[in-house]
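A short write-up of the structure that comes next.
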Amino acid sequence: MIIEEQFSTGKSLVHSLDPRVKIIVAILFSVVVAVSSNFLALLPALAVSLSLIVLAKLPMRKVFYRLLLVNGLILFLWIFLPFTFKGEALFKIGPLVGTKEGVLYASQITVKCNAILLAMIALLSTTPIFTLGHAMGQLYFPDKIIHLFLFTYRYIHVIFQEYRRLTNAMRIRGFIPGTNLHTYRSYAYLVGMLLVRSYDRAERIHKAMLCRGFHGKYYTLSRFSIKMGDILYLSLMLTAILGLVILQWKAIA
Amino acid sequence: MHISEGVLSAPVLVTGAALAAAGISVGLKKMGYEKIPQVAVLSSAFFVASLIHVPIGPSSVHLILNGINGLLLGWLCFPSILVALALQAILFQFGGITVLGVNTVTMALPGLICYYLFGKLVNREGGLLSLAAAFACGFLSVFFSGILVALSLLFTEQSFMSVAKLIVVAHLPVMIIEGIITLFCVAFLKRVKPEVLGGIYGKGP
């Protein structure tokens, strides 16, 4: 099954933190890094998120593979940016002139992107999605969004089973995808069938919920408690983020 | 068509987040609690459907389906797409927290536009016109998404011009495929379960 929470189980320090703390830190860190532009702030940020990954004791190979997958767009930018940026010439490939500014800009984006990605893996992906949902609820995210988030995740697995059943049936009947109208039509019908089945299922779910007295409130059994370690971690991370802000701000001034 | 973290500038990110927040709040207001299971299960269906890779020549593209999402959900496509993108960010790290707003807008806004442009036409009794509208819905939703991605890159940095152009051009085959898929999907739904097509609040916009 491809939809799985690869990093959510573990016994590391990061895994045992209060999910609310993790969400707050992840949001603050991402925002600060995303608006930073100076290497003096970005490189320490990358170091911070790398240390988070180490603390989370995640399998390095899997993390690396994940990074590789999501760096596609970045790679794409590397092909273009050095040549489309105006500035001092740094190198030449045939008629193309690569500029120093272009290379710097591309490296800036690369560092930024990976710093945020690593922090997200270390903080958010180490929390089970349902726990994240409940934690977001306690952080006063809109109720309906939380319901939608939890329900959608819950049913992705069910619909995925449905999808597997349909594609298996197609395969048994000798379906080989290719670049032709038959393939596109078959896939369209597959999507249509998924929609029909989920429509029917939603109706059944709603009725079942009504039977059990649902009136727009989602009760949760998970209670979170802030421990000493959480406070320590939160203040440490807030200091680090503040440090990044100062580094960036000093660079501008 | 995700933009990764760290690429866009602060003004673009803030604009995206503000627009997304506006769309989402309208969507949430229109989504009563009784609609949540339906929207959620449809969102998961779209999530799963976007994992389908359709072959095109030697390579393959994955389905986006924001056109038909808009067609079925109207304004509710904003919360639906937000949640799907958030899950993708957490599960696969495609996109992320700070670009969530921009990515939601680039996906959901075209869906909403197509809902208003083609919702009525698609729901018409039979005929070529309704099929043409379905094709246009799939085609244009991806086209508009491409344009929005290109715009957010351009507003970040002028030098993104060639990248932005390439992104739109590279999505041309995707637009055609999405058009064809949407056409057949609509035709299928009309025959099998027309009430799905009627949209989440009944008969079109």
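Just remember, in the structure tokens the first chain shown is A, the second B, etc., residues are 1-based per chain, and ligands are 1-based in the order shown.
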
Near-Ala202 in chain A list (10 Å; only C-alpha atoms; drop same-chain fewer than 2 positions) as a VMD selection string: (chain A and resid 155 196 to 200 204 to 208) or (chain B and resid 35 to 42)

Only C-alpha atoms, please: the residues just picked out, written as a PDB file, in the first residue's frame.
ATOM      1  CA  TYR A 155     -11.692   7.154   3.884  1.00  0.00           C
ATOM      2  CA  VAL A 196     -20.246   6.677  -7.678  1.00  0.00           C
ATOM      3  CA  ARG A 197     -19.126   4.251  -5.008  1.00  0.00           C
ATOM      4  CA  SER A 198     -17.896   7.005  -2.721  1.00  0.00           C
ATOM      5  CA  TYR A 199     -21.170   8.858  -3.177  1.00  0.00           C
ATOM      6  CA  ASP A 200     -23.125   5.805  -2.088  1.00  0.00           C
ATOM      7  CA  ARG A 204     -24.399   5.125   4.284  1.00  0.00           C
ATOM      8  CA  ILE A 205     -21.803   6.731   6.542  1.00  0.00           C
ATOM      9  CA  HIS A 206     -24.003   9.740   7.154  1.00  0.00           C
ATOM     10  CA  LYS A 207     -26.977   7.564   8.035  1.00  0.00           C
ATOM     11  CA  ALA A 208     -24.852   5.447  10.354  1.00  0.00           C
TER      12      ALA A 208
ATOM     13  CA  LYS B  35     -22.428  17.481   4.134  1.00  0.00           C
ATOM     14  CA  ILE B  36     -19.088  16.673   5.729  1.00  0.00           C
ATOM     15  CA  PRO B  37     -19.146  12.888   5.158  1.00  0.00           C
ATOM     16  CA  GLN B  38     -20.056  13.403   1.520  1.00  0.00           C
ATOM     17  CA  VAL B  39     -17.395  16.029   0.878  1.00  0.00           C
ATOM     18  CA  ALA B  40     -14.815  13.978   2.772  1.00  0.00           C
ATOM     19  CA  VAL B  41     -15.461  10.739   0.925  1.00  0.00           C
ATOM     20  CA  LEU B  42     -15.434  12.556  -2.420  1.00  0.00           C
TER      21      LEU B  42
END

Report the closest atom pair, with its distance in Å rounded to one decimal, for each residue of range 127-176 of chain B that has an atom no farther than 8 Å from range 97-107 of chain B; count only C-alpha atoms, sort by chain and then rising residue number, and write it as CSV.
residue,atom,partner,partner_atom,distance
B:Phe144,CA,B:Thr106,CA,7.8
B:Ser145,CA,B:Thr106,CA,5.0
B:Gly146,CA,B:Thr106,CA,7.8
B:Leu148,CA,B:Thr106,CA,5.5
B:Val149,CA,B:Thr106,CA,6.4
B:Ser152,CA,B:Val102,CA,8.0

Residue neighbourhood Ser130 in chain B, 12 Å, only C-alpha atoms, exclusion window fewer than 4 positions, as a ChimeraX atom specification: /B:117-126,134-137,182-184,186-187,190

Take the selection from the previous step and output its residues with N, CA and C atoms, as a short mmCIF file (atom, residue, chain, number, x, y, z; two decimals), in the first residue's frame.
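Written output follows (selection-v3.cif):
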data_model
loop_
_atom_site.label_atom_id
_atom_site.label_comp_id
_atom_site.auth_asym_id
_atom_site.auth_seq_id
_atom_site.Cartn_x
_atom_site.Cartn_y
_atom_site.Cartn_z
N LEU B 117 -18.75 28.28 -15.15
CA LEU B 117 -18.80 28.35 -16.61
C LEU B 117 -19.60 27.18 -17.19
N PHE B 118 -19.35 25.98 -16.67
CA PHE B 118 -19.87 24.78 -17.35
C PHE B 118 -20.88 23.98 -16.55
N GLY B 119 -21.07 24.33 -15.28
CA GLY B 119 -21.97 23.53 -14.44
C GLY B 119 -23.32 23.30 -15.06
N LYS B 120 -23.94 24.38 -15.55
CA LYS B 120 -25.28 24.27 -16.14
C LYS B 120 -25.25 23.47 -17.44
N LEU B 121 -24.26 23.81 -18.29
CA LEU B 121 -24.16 23.16 -19.60
C LEU B 121 -23.98 21.66 -19.47
N VAL B 122 -23.08 21.27 -18.55
CA VAL B 122 -22.78 19.84 -18.38
C VAL B 122 -24.03 19.09 -17.94
N ASN B 123 -24.85 19.74 -17.13
CA ASN B 123 -26.03 19.07 -16.60
C ASN B 123 -27.20 19.04 -17.57
N ARG B 124 -27.00 19.66 -18.76
CA ARG B 124 -28.10 19.63 -19.74
C ARG B 124 -28.38 18.22 -20.22
N GLU B 125 -29.65 18.00 -20.64
CA GLU B 125 -30.02 16.68 -21.14
C GLU B 125 -29.23 16.33 -22.40
N GLY B 126 -28.40 15.29 -22.32
CA GLY B 126 -27.70 14.71 -23.47
C GLY B 126 -27.06 15.72 -24.40
N ALA B 134 -18.02 19.38 -20.95
CA ALA B 134 -17.24 18.53 -20.05
C ALA B 134 -15.77 18.53 -20.45
N PHE B 135 -15.53 18.43 -21.75
CA PHE B 135 -14.14 18.46 -22.23
C PHE B 135 -13.49 19.79 -21.87
N ALA B 136 -14.22 20.87 -22.16
CA ALA B 136 -13.68 22.20 -21.87
C ALA B 136 -13.39 22.36 -20.39
N CYS B 137 -14.26 21.80 -19.58
CA CYS B 137 -14.08 21.89 -18.13
C CYS B 137 -12.76 21.25 -17.70
N THR B 182 -12.32 13.87 -18.39
CA THR B 182 -13.50 14.52 -17.83
C THR B 182 -14.73 14.26 -18.70
N LEU B 183 -14.53 14.31 -20.02
CA LEU B 183 -15.64 14.06 -20.95
C LEU B 183 -16.24 12.67 -20.70
N PHE B 184 -15.37 11.64 -20.71
CA PHE B 184 -15.88 10.28 -20.54
C PHE B 184 -16.47 10.08 -19.15
N VAL B 186 -17.88 12.32 -17.22
CA VAL B 186 -19.20 12.96 -17.15
C VAL B 186 -20.23 12.10 -17.87
N ALA B 187 -19.85 11.60 -19.06
CA ALA B 187 -20.78 10.75 -19.82
C ALA B 187 -21.17 9.53 -19.00
N LYS B 190 -23.46 10.46 -16.08
CA LYS B 190 -24.81 10.78 -16.55
C LYS B 190 -25.64 9.53 -16.73
#

Residues of chain B at most 7 Å from chain A: nearest atom pair and distance in Å, only C-alpha atoms, as JSON lines:
{"residue": "B:Ser4", "atom": "CA", "partner": "A:Cys113", "partner_atom": "CA", "distance": 6.8}
{"residue": "B:Glu5", "atom": "CA", "partner": "A:Cys113", "partner_atom": "CA", "distance": 4.9}
{"residue": "B:Gly6", "atom": "CA", "partner": "A:Cys113", "partner_atom": "CA", "distance": 4.4}
{"residue": "B:Val7", "atom": "CA", "partner": "A:Ile109", "partner_atom": "CA", "distance": 5.6}
{"residue": "B:Ser9", "atom": "CA", "partner": "A:Val35", "partner_atom": "CA", "distance": 6.7}
{"residue": "B:Ala10", "atom": "CA", "partner": "A:Val35", "partner_atom": "CA", "distance": 5.4}
{"residue": "B:Leu28", "atom": "CA", "partner": "A:Lys144", "partner_atom": "CA", "distance": 7.0}
{"residue": "B:Tyr33", "atom": "CA", "partner": "A:Gly216", "partner_atom": "CA", "distance": 5.6}
{"residue": "B:Ile36", "atom": "CA", "partner": "A:Leu148", "partner_atom": "CA", "distance": 6.2}
{"residue": "B:Pro37", "atom": "CA", "partner": "A:Ala202", "partner_atom": "CA", "distance": 5.6}
{"residue": "B:Gln38", "atom": "CA", "partner": "A:Ala202", "partner_atom": "CA", "distance": 4.8}
{"residue": "B:Ala40", "atom": "CA", "partner": "A:Thr152", "partner_atom": "CA", "distance": 4.6}
{"residue": "B:Val41", "atom": "CA", "partner": "A:Ser198", "partner_atom": "CA", "distance": 5.8}
{"residue": "B:Leu42", "atom": "CA", "partner": "A:Ser198", "partner_atom": "CA", "distance": 6.1}
{"residue": "B:Ser43", "atom": "CA", "partner": "A:Thr152", "partner_atom": "CA", "distance": 6.2}
{"residue": "B:Ser44", "atom": "CA", "partner": "A:Ile156", "partner_atom": "CA", "distance": 4.6}
{"residue": "B:Ala45", "atom": "CA", "partner": "A:Ile159", "partner_atom": "CA", "distance": 6.1}
{"residue": "B:Val48", "atom": "CA", "partner": "A:Phe160", "partner_atom": "CA", "distance": 6.1}
{"residue": "B:Ala49", "atom": "CA", "partner": "A:Val191", "partner_atom": "CA", "distance": 6.3}
{"residue": "B:Pro55", "atom": "CA", "partner": "A:Gly178", "partner_atom": "CA", "distance": 5.7}
{"residue": "B:Ile56", "atom": "CA", "partner": "A:Thr179", "partner_atom": "CA", "distance": 5.1}
{"residue": "B:Gly57", "atom": "CA", "partner": "A:Thr179", "partner_atom": "CA", "distance": 5.8}
{"residue": "B:Val83", "atom": "CA", "partner": "A:Phe149", "partner_atom": "CA", "distance": 5.5}
{"residue": "B:Ile90", "atom": "CA", "partner": "A:Ser125", "partner_atom": "CA", "distance": 5.7}
{"residue": "B:Leu91", "atom": "CA", "partner": "A:Glu5", "partner_atom": "CA", "distance": 6.1}
{"residue": "B:Gln93", "atom": "CA", "partner": "A:Leu117", "partner_atom": "CA", "distance": 6.8}
{"residue": "B:Phe94", "atom": "CA", "partner": "A:Val70", "partner_atom": "CA", "distance": 6.3}
{"residue": "B:Ile97", "atom": "CA", "partner": "A:Ile27", "partner_atom": "CA", "distance": 6.8}
{"residue": "B:Thr98", "atom": "CA", "partner": "A:Val31", "partner_atom": "CA", "distance": 6.0}
{"residue": "B:Ser159", "atom": "CA", "partner": "A:Phe85", "partner_atom": "CA", "distance": 5.6}
{"residue": "B:Val163", "atom": "CA", "partner": "A:Phe80", "partner_atom": "CA", "distance": 6.7}
{"residue": "B:Ile181", "atom": "CA", "partner": "A:Ala188", "partner_atom": "CA", "distance": 4.8}
{"residue": "B:Thr182", "atom": "CA", "partner": "A:Ala188", "partner_atom": "CA", "distance": 6.9}
{"residue": "B:Phe184", "atom": "CA", "partner": "A:Ala188", "partner_atom": "CA", "distance": 5.6}
{"residue": "B:Cys185", "atom": "CA", "partner": "A:Ala188", "partner_atom": "CA", "distance": 4.8}
{"residue": "B:Phe188", "atom": "CA", "partner": "A:Tyr189", "partner_atom": "CA", "distance": 6.3}
{"residue": "B:Leu189", "atom": "CA", "partner": "A:Gly192", "partner_atom": "CA", "distance": 6.1}
{"residue": "B:Lys193", "atom": "CA", "partner": "A:Val196", "partner_atom": "CA", "distance": 6.8}
{"residue": "B:Val196", "atom": "CA", "partner": "A:Tyr199", "partner_atom": "CA", "distance": 7.0}

Written selection (N, CA and C atoms) as a compact mmCIF listing (two decimals), in the first residue's frame:
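See part-v1.txt below for the written result:
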# COMPACT_ATOMS: atom_id res chain seq x y z
N SER B 4 6.94 23.84 -4.80
CA SER B 4 7.61 23.37 -3.59
C SER B 4 7.77 24.52 -2.61
N GLU B 5 8.12 24.13 -1.40
CA GLU B 5 8.45 25.12 -0.37
C GLU B 5 9.69 25.90 -0.78
N GLY B 6 9.75 27.15 -0.37
CA GLY B 6 11.00 27.89 -0.51
C GLY B 6 11.20 28.56 -1.85
N VAL B 7 10.29 28.35 -2.81
CA VAL B 7 10.49 28.92 -4.14
C VAL B 7 9.88 30.32 -4.22
N SER B 9 8.11 34.06 -3.24
CA SER B 9 8.46 35.17 -2.35
C SER B 9 7.33 35.42 -1.35
N ALA B 10 7.66 36.16 -0.29
CA ALA B 10 6.69 36.39 0.79
C ALA B 10 5.38 37.02 0.29
N LEU B 28 -16.62 26.74 3.65
CA LEU B 28 -17.02 26.18 4.94
C LEU B 28 -18.42 26.65 5.32
N TYR B 33 -22.78 20.69 8.50
CA TYR B 33 -22.17 19.49 9.10
C TYR B 33 -22.65 18.23 8.44
N ILE B 36 -20.49 17.01 5.54
CA ILE B 36 -19.09 16.67 5.73
C ILE B 36 -18.73 15.26 5.26
N PRO B 37 -19.53 14.22 5.64
CA PRO B 37 -19.15 12.89 5.16
C PRO B 37 -19.06 12.83 3.64
N GLN B 38 -20.03 13.46 2.98
CA GLN B 38 -20.06 13.40 1.52
C GLN B 38 -18.83 14.10 0.92
N ALA B 40 -16.04 14.69 2.38
CA ALA B 40 -14.81 13.98 2.77
C ALA B 40 -14.59 12.75 1.91
N VAL B 41 -15.65 11.97 1.70
CA VAL B 41 -15.46 10.74 0.93
C VAL B 41 -15.14 11.08 -0.53
N LEU B 42 -15.78 12.13 -1.06
CA LEU B 42 -15.43 12.56 -2.42
C LEU B 42 -13.99 13.05 -2.47
N SER B 43 -13.57 13.79 -1.43
CA SER B 43 -12.18 14.26 -1.40
C SER B 43 -11.22 13.09 -1.41
N SER B 44 -11.55 12.05 -0.64
CA SER B 44 -10.63 10.90 -0.66
C SER B 44 -10.65 10.22 -2.00
N ALA B 45 -11.82 10.20 -2.66
CA ALA B 45 -11.87 9.62 -4.00
C ALA B 45 -10.96 10.40 -4.95
N VAL B 48 -7.32 9.60 -4.19
CA VAL B 48 -6.91 8.31 -4.75
C VAL B 48 -6.81 8.40 -6.27
N ALA B 49 -7.79 9.08 -6.90
CA ALA B 49 -7.79 9.18 -8.36
C ALA B 49 -6.56 9.93 -8.85
N PRO B 55 -0.78 6.70 -19.12
CA PRO B 55 0.36 6.72 -20.04
C PRO B 55 0.15 7.73 -21.15
N ILE B 56 1.23 8.40 -21.52
CA ILE B 56 1.21 9.27 -22.68
C ILE B 56 2.56 9.13 -23.35
N GLY B 57 2.54 8.45 -24.52
CA GLY B 57 3.79 8.14 -25.20
C GLY B 57 4.67 7.32 -24.26
N VAL B 83 -7.67 20.20 2.15
CA VAL B 83 -7.43 19.01 2.97
C VAL B 83 -6.58 17.99 2.22
N ILE B 90 1.83 16.22 4.31
CA ILE B 90 2.27 15.48 5.49
C ILE B 90 2.74 14.08 5.10
N LEU B 91 2.02 13.44 4.17
CA LEU B 91 2.35 12.05 3.83
C LEU B 91 3.52 11.94 2.87
N GLN B 93 5.25 14.90 1.52
CA GLN B 93 6.02 16.15 1.41
C GLN B 93 5.92 16.82 0.04
N PHE B 94 4.81 16.60 -0.66
CA PHE B 94 4.57 17.39 -1.88
C PHE B 94 3.90 18.68 -1.44
N ILE B 97 3.60 23.70 4.24
CA ILE B 97 2.75 24.60 5.02
C ILE B 97 2.66 25.98 4.39
N THR B 98 3.80 26.56 4.06
CA THR B 98 3.75 27.97 3.62
C THR B 98 3.18 28.11 2.21
N SER B 159 12.88 36.62 -13.60
CA SER B 159 13.71 35.67 -14.34
C SER B 159 13.06 34.30 -14.48
N VAL B 163 10.87 29.59 -17.32
CA VAL B 163 10.36 28.43 -16.58
C VAL B 163 8.84 28.43 -16.62
N ILE B 181 -10.59 12.69 -20.26
CA ILE B 181 -11.02 11.92 -19.09
C ILE B 181 -12.30 12.53 -18.50
N THR B 182 -12.32 13.87 -18.39
CA THR B 182 -13.50 14.52 -17.83
C THR B 182 -14.73 14.26 -18.70
N PHE B 184 -15.37 11.64 -20.71
CA PHE B 184 -15.88 10.28 -20.54
C PHE B 184 -16.47 10.08 -19.15
N CYS B 185 -15.81 10.73 -18.17
CA CYS B 185 -16.28 10.55 -16.80
C CYS B 185 -17.68 11.14 -16.64
N PHE B 188 -20.16 8.94 -18.32
CA PHE B 188 -20.39 7.76 -17.48
C PHE B 188 -21.33 8.09 -16.33
N LEU B 189 -21.04 9.19 -15.64
CA LEU B 189 -21.87 9.56 -14.48
C LEU B 189 -23.30 9.85 -14.90
N LYS B 193 -25.19 7.47 -12.62
CA LYS B 193 -25.71 8.10 -11.40
C LYS B 193 -25.73 9.61 -11.57
N VAL B 196 -24.97 12.39 -8.79
CA VAL B 196 -23.60 12.78 -8.40
C VAL B 196 -23.22 14.06 -9.12

Per-residue DSSP, range 122-204 of chain B, filtered to helix (DSSP H, G or I), as JSON, numbers by chain: {"B": [122, 127, 128, 129, 130, 131, 132, 133, 134, 135, 136, 137, 138, 139, 140, 141, 142, 143, 144, 145, 146, 147, 148, 149, 150, 151, 152, 153, 154, 155, 156, 158, 159, 160, 161, 162, 163, 164, 165, 166, 167, 168, 169, 170, 172, 173, 174, 175, 176, 177, 178, 179, 180, 181, 182, 183, 184, 185, 186, 187, 188, 189, 190, 191, 192, 194, 195, 196, 197]}

DSSP-assigned strand (DSSP E or B) among range 79-217 of chain A, expressed as an NGL selection string: :A and (89-93 or 96-99)

Between CA of Lys11 in chain A and CA of Asp230 in chain A, distance in Å (one decimal):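 Interatomic distance here is 15.2 Å.
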
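Taking CA of Gly198 in chain B as the reference point, CA of Phe46 in chain B is found at 17.1 Å.
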
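All residues of protein, DNA or RNA that reach within 9 Å of Leu76 in chain B, judged by only C-alpha atoms and not counting those fewer than 5 positions away in the chain, are Gly23, Ile24, Val26, Gly27, Leu28, Lys30, Met31, Val39, Gly70, Ile81, Leu112 and Ile200 of chain B.
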
Atom pair CA of Leu55 in chain A / CA of Met237 in chain A: separation (Å): 13.2 Å
